[in-house]
Each structure stands twice: as structure tokens, then as C-alpha cells.
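Here the structure comes first, spelled out in C-alpha cells, and everything after it is commentary.
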Amino acid sequence: MHEFNFESIETLDETLARVDNTHRILAGGTDLLTRLKSGLDQPESLLDIKATDLQSDLSVNENGVVMGALCTLSDIESADALDSRYQLLKDAAGQAATQQIRNRATIAGNLLQAPRCWYYRHPDIDCWRKGGDECPAKQGRNSHHAVIGEGPCVAVHPSDLAACLLTLDAVVDVRSRRGERRLDIADFLCSPTQDRRQETALEADEIITSISIPPLSPSARSCYLKAMDRKTWAFALSGLAAAVTMQDGQVQDVRLSLSGVANTPYRLTAVEALLKARRPDADLVQEAVARSTEDFSPLSENGYKVELVQGLMKSALGELLLDQ
């Protein structure tokens, strides 16, 4: 492991004055420490911000939900304030990793996870994501990789909660010594490009301060379903974050996002358009299930994700649309 200094920071202002590519933030550290061990990150210093005035609260009111950057997955999983409208957040948090990891992992760090691609994580492989010329997963072992997108990297985003936040139209507040920015989650999460080989729009001198979710209708219901290669503690092979509002037997609002299928969570806008203002029945659900995978282009080893996603869609839509 690369040698680095460890510094405990007392205030947010001090953090903002120091953070950059050579001084990295340490909060929960559940992903950062694994990257340090594999040599993916080699900072001069780690800045421990757990004692700063950065917020860790989760609140719910008529304006929606606000989560401080240091809010942990355990805080989300156990939050009584999150009712059935926001059940998908509790589902996703509760299925992530182990209880010990959820006690430490923060919502901000969860969004900023690096891909779990075995080529990217291997210290001796210079893949495209690490600055190399090619993505070896495209022609190699790709059973866990993307089925959507034609980009230079086929690693998938590892966060379950990211798909939930996309479904909920969340806003990410970030701050640097240059000022503050508010980014829609769809803009904050972005596929890597030749000029920017990362999955977020966060700059090196910025930190996440909070995440806000606009209010859902009081009658909304939601869920997050996740398929894994073992029963617990694994990253999603595919996941589905769904939120539905019904009115007079019709679909007033529906929001659907997939995890585990692309560089970033994937919003199923065509399926949403199909379902809105319709009176759901088994035939409509089946049509939505089929349409959910129309854009898939599986690689050599991950064609199973088509049926996996369709199964998740059938279960979630059956629960939220038909089981009224």
C-alpha cells in the first residue's frame, strides 16, 4: 500500500481548503480503503472528516427528504420518518453489504463508489478506466458487466441507492472553496468519457454536502428489488427501483430505474410513458416487462440479465400496480 499521512479535520471550511487529487476525503472509508489496498488511489493524505460540522441527519417534511452527506446506510435503513413512499430507500440500504459496513458507509460515499469490475480492481491490469487504451471486459469475462451502452467502458455502477435517487429525482448539493452547486442526480451521475474517466460530475476539489429528494404524493408506494449471485452481502447483478402513484384506478405517476445494467443507473422512460394514465392489468404489465429490456445489447456472458430484469419488473409492477 502507498504511504500516506492521516489527518483529522475539525471543520468543513478546513476540509474545503485542503481537498484535491492529492488529499482525499475519509468518512466511512468502506470503498476508499479497498482502493488504497489495491493501489487504485495513492493520495498524499487522508482527511478524516467524521468530526467536522458536515451534516449526518435525515429529515422528512412537506418539502421532501434531506440527507446529510454523513448519513449512514444504517440511518436510512432504520429511519422511521421514511414511510411507504420512500420504502425503496430503506429496501436498498438494508440489502447493501453487511450490518457492520452499513453502520459506517455514508450516502455520499455510496454514490461515489468506483466500479467493482475485476479488471479495474486488478493491480496488474491497465484497463481503459485506469488510463489504458482498451476495456478488456468487452471481449473477456463480462458476466457482471453492462448490457446497455456503447461507451469505452462496460463496468456498471455499484450503488443500489443511486438507482433509487434517480427514480426519486434527487438533487445533490456540492461545495468547494469556489462556491456551491446543485446538480440533478441525472447530471451528477454520468458515463465516463475519454476526457473524464469517472462516473460522476464531482470535481477534485468538491465534496457532497447533502442530498435532497422532492416530495412524493401521499398515496405513492415504492420498492427496490435486487438480484444477486448469492443471497446476501453482494452487489446487484441487476436491481429495480420503482415508485408508483395511483389515482382512481389509473397510474398517475410511475418512475423506474435499473441498477447493474449500465455505467450509471438507467431510467426506463419509455416504460414510464407506456404506463402513465393507464388502468393497469396483467396484459399491460406484461407489455411493460417486455419493453424494459428492448435497449439491451448483452455481451458474451451476461445475456441472463434480460430475463433477470424482466423478472424484477414483473414482481415490482405486480406489487405496486396490481396488488392494490
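Ordering of the C-alpha cells sets the chain letters (A, B, ...), residue numbers begin anew at 1 in every chain, and ligands are numbered from 1 in the order given.
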
Requested in this report: Show which residues sit within 9 Å of Ala17 in chain A, as a ChimeraX atom specification. Count only C-alpha atoms, and ignore same-chain residues fewer than 2 positions away.
Outcome: /A:12-15,19-20,176-177,205

Let me see the file: selected residues, all heavy atoms, as a short mmCIF file (atom, residue, chain, number, x, y, z; two decimals), in the first residue's frame.
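Listed below is the output, result.cif:
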```cif
data_model
loop_
_atom_site.label_atom_id
_atom_site.label_comp_id
_atom_site.auth_asym_id
_atom_site.auth_seq_id
_atom_site.Cartn_x
_atom_site.Cartn_y
_atom_site.Cartn_z
N LEU A 12 -15.72 22.01 8.19
CA LEU A 12 -15.97 21.88 6.76
C LEU A 12 -15.09 22.85 5.97
O LEU A 12 -14.56 22.51 4.91
CB LEU A 12 -17.44 22.13 6.46
CG LEU A 12 -17.88 22.08 5.00
CD1 LEU A 12 -17.51 20.76 4.35
CD2 LEU A 12 -19.38 22.34 4.89
N ASP A 13 -14.94 24.07 6.48
CA ASP A 13 -14.12 25.05 5.77
C ASP A 13 -12.67 24.58 5.63
O ASP A 13 -12.04 24.76 4.58
CB ASP A 13 -14.15 26.39 6.51
CG ASP A 13 -15.48 27.11 6.36
OD1 ASP A 13 -16.22 26.77 5.42
OD2 ASP A 13 -15.78 28.01 7.18
N GLU A 14 -12.15 23.96 6.68
CA GLU A 14 -10.79 23.43 6.60
C GLU A 14 -10.71 22.30 5.58
O GLU A 14 -9.73 22.19 4.82
CB GLU A 14 -10.34 22.93 7.97
CG GLU A 14 -8.90 22.44 8.00
CD GLU A 14 -8.49 21.89 9.35
OE1 GLU A 14 -9.32 21.92 10.29
OE2 GLU A 14 -7.35 21.40 9.45
N THR A 15 -11.75 21.49 5.52
CA THR A 15 -11.79 20.41 4.54
C THR A 15 -11.75 20.96 3.13
O THR A 15 -10.97 20.51 2.28
CB THR A 15 -13.07 19.57 4.72
OG1 THR A 15 -13.14 19.08 6.06
CG2 THR A 15 -13.09 18.41 3.75
N VAL A 19 -8.99 19.72 0.29
CA VAL A 19 -9.31 18.58 -0.56
C VAL A 19 -8.93 18.86 -2.02
O VAL A 19 -9.17 19.92 -2.56
CB VAL A 19 -10.81 18.22 -0.44
CG1 VAL A 19 -11.70 19.34 -0.97
CG2 VAL A 19 -11.09 16.91 -1.18
N ASP A 20 -8.28 17.87 -2.63
CA ASP A 20 -7.93 17.90 -4.05
C ASP A 20 -7.50 16.48 -4.43
O ASP A 20 -7.76 15.53 -3.70
CB ASP A 20 -6.84 18.93 -4.35
CG ASP A 20 -5.57 18.72 -3.53
OD1 ASP A 20 -5.31 17.57 -3.11
OD2 ASP A 20 -4.84 19.70 -3.29
N SER A 176 -17.28 23.62 -2.82
CA SER A 176 -15.83 23.74 -2.90
C SER A 176 -15.47 25.13 -2.39
O SER A 176 -16.34 25.94 -2.06
CB SER A 176 -15.34 23.55 -4.33
OG SER A 176 -15.67 24.68 -5.12
N ARG A 177 -14.19 25.42 -2.37
CA ARG A 177 -13.78 26.77 -1.96
C ARG A 177 -14.20 27.81 -2.99
O ARG A 177 -14.17 29.01 -2.74
CB ARG A 177 -12.27 26.83 -1.71
CG ARG A 177 -11.41 26.25 -2.81
CD ARG A 177 -9.94 26.19 -2.36
NE ARG A 177 -9.09 25.45 -3.27
CZ ARG A 177 -8.87 24.15 -3.21
NH1 ARG A 177 -9.46 23.43 -2.27
NH2 ARG A 177 -8.08 23.55 -4.07
N ASP A 205 -11.86 19.13 -6.19
CA ASP A 205 -11.85 19.99 -5.01
C ASP A 205 -13.24 20.17 -4.40
O ASP A 205 -13.45 21.03 -3.54
CB ASP A 205 -11.27 21.36 -5.35
CG ASP A 205 -12.10 22.14 -6.38
OD1 ASP A 205 -12.93 21.51 -7.06
OD2 ASP A 205 -11.90 23.36 -6.49
#
```

Query - Spatial neighbours of Gly29 in chain A, max dist 8 Å, only C-alpha atoms, sep filter under 5 positions, as a ChimeraX atom specification - result: /A:104-105,109

Export of prior selection with all heavy atoms as a compact mmCIF listing (two decimals), in the first residue's frame:
```
# COMPACT_ATOMS: atom_id res chain seq x y z
N ARG A 104 -21.10 2.09 8.87
CA ARG A 104 -20.05 3.06 8.56
C ARG A 104 -20.26 3.77 7.22
O ARG A 104 -19.95 4.94 7.07
CB ARG A 104 -18.68 2.36 8.53
CG ARG A 104 -18.20 1.88 9.89
CD ARG A 104 -16.74 1.48 9.83
NE ARG A 104 -15.88 2.58 9.41
CZ ARG A 104 -15.41 3.51 10.22
NH1 ARG A 104 -15.73 3.48 11.52
NH2 ARG A 104 -14.62 4.47 9.78
N ALA A 105 -20.78 3.05 6.25
CA ALA A 105 -20.89 3.60 4.89
C ALA A 105 -21.86 4.77 4.85
O ALA A 105 -22.97 4.69 5.37
CB ALA A 105 -21.35 2.50 3.93
N GLY A 109 -20.59 8.64 0.19
CA GLY A 109 -19.61 7.66 -0.26
C GLY A 109 -20.21 6.58 -1.11
O GLY A 109 -19.58 6.08 -2.06
```

Query raised in the report: Counting only C-alpha atoms, which of A:Leu89, A:Ala204, A:Leu275, A:Lys37 gets nearest to Val174 in chain A?
Result: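 Closest candidate: A:Ala204.
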
Report summary line: Among A:Leu299, A:Ala114, A:Ile185, A:Leu166, Leu258 in chain A is approached most closely, using only C-alpha atoms, by A:Leu166

Query - Distance criterion (only C-alpha atoms): nearest to Gly140 in chain A out of A:Lys226, A:Leu36, A:Ser300, A:Ala96 - result: A:Ser300

**Report entry** Polymer residues at most 8 Å from Thr269 in chain A, only C-alpha atoms, same-chain spacing of 3 or more positions, as a PyMOL selection string
**Finding:** chain A and resi 255-256+272-273

Requested in this report: Calculate how many Å separate CA of Ala163 in chain A from CA of Val254 in chain A, rounding to one decimal.
Outcome: 14.3 Å

Query - Between CA of Leu40 in chain A and CA of Ala262 in chain A - distance in Å to one decimal - result: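 Computing it gives 21.5 Å between the two atoms.
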
Report task. Using DSSP on the backbone coordinates, identify the residues of range 175-268 of chain A assigned to strand (DSSP E or B); present them as number ranges by chain. Result -> A: 175-176, 179-184, 189, 200, 207-213, 221-227, 238-247, 250-259, 266-267

**Report entry** Surrounding residues of Val154 in chain A excluding itself and chain neighbours under 6 positions, 12 Å, only C-alpha atoms, as number ranges by chain
**Finding:** A: 115-120, 127-129, 134-148, 191-193, 199, 260-264, 297-299, 302

Report task. May I have the residues within 9 Å of range 219-225 of chain A as JSON, numbers by chain, using only C-alpha atoms and disregarding those fewer than 3 positions away in the same chain? Result -> {"A": [83, 84, 85, 86, 87, 88, 89, 90, 91, 92, 160, 163, 164, 216, 238, 239, 240, 241, 242, 243, 244, 245, 246, 247, 253, 312, 313, 315, 316, 319, 320]}

Query raised in the report: Using only C-alpha atoms, which of the listed residues (A:Ala282, A:Ala162, A:Ile211, A:Ala290) sits closest to Ser257 in chain A?
Result: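 The shortest atom-to-atom distance to Ser257 in chain A comes from A:Ala162.
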
Query - Point-to-point distance from CA of Glu294 in chain A to CA of Asn110 in chain A, Å rounded to tenths - result: 28.8 Å

Requested in this report: Find the residue from A:Gln194, A:Ser78, A:Ser38, A:Thr22 that sits nearest to Asp133 in chain A; use only C-alpha atoms when measuring.
Outcome: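 Counting only C-alpha atoms, the residue closest to Asp133 in chain A is A:Gln194.
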
Requested in this report: Can you work out which one of A:Gly311, A:Gly318, A:Pro280, A:Pro123 has the shortest atom-to-atom distance to Gln252 in chain A, counting only C-alpha atoms?
Outcome: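 Nearest candidate to Gln252 in chain A out of A:Gly311, A:Gly318, A:Pro280, A:Pro123: A:Pro280.
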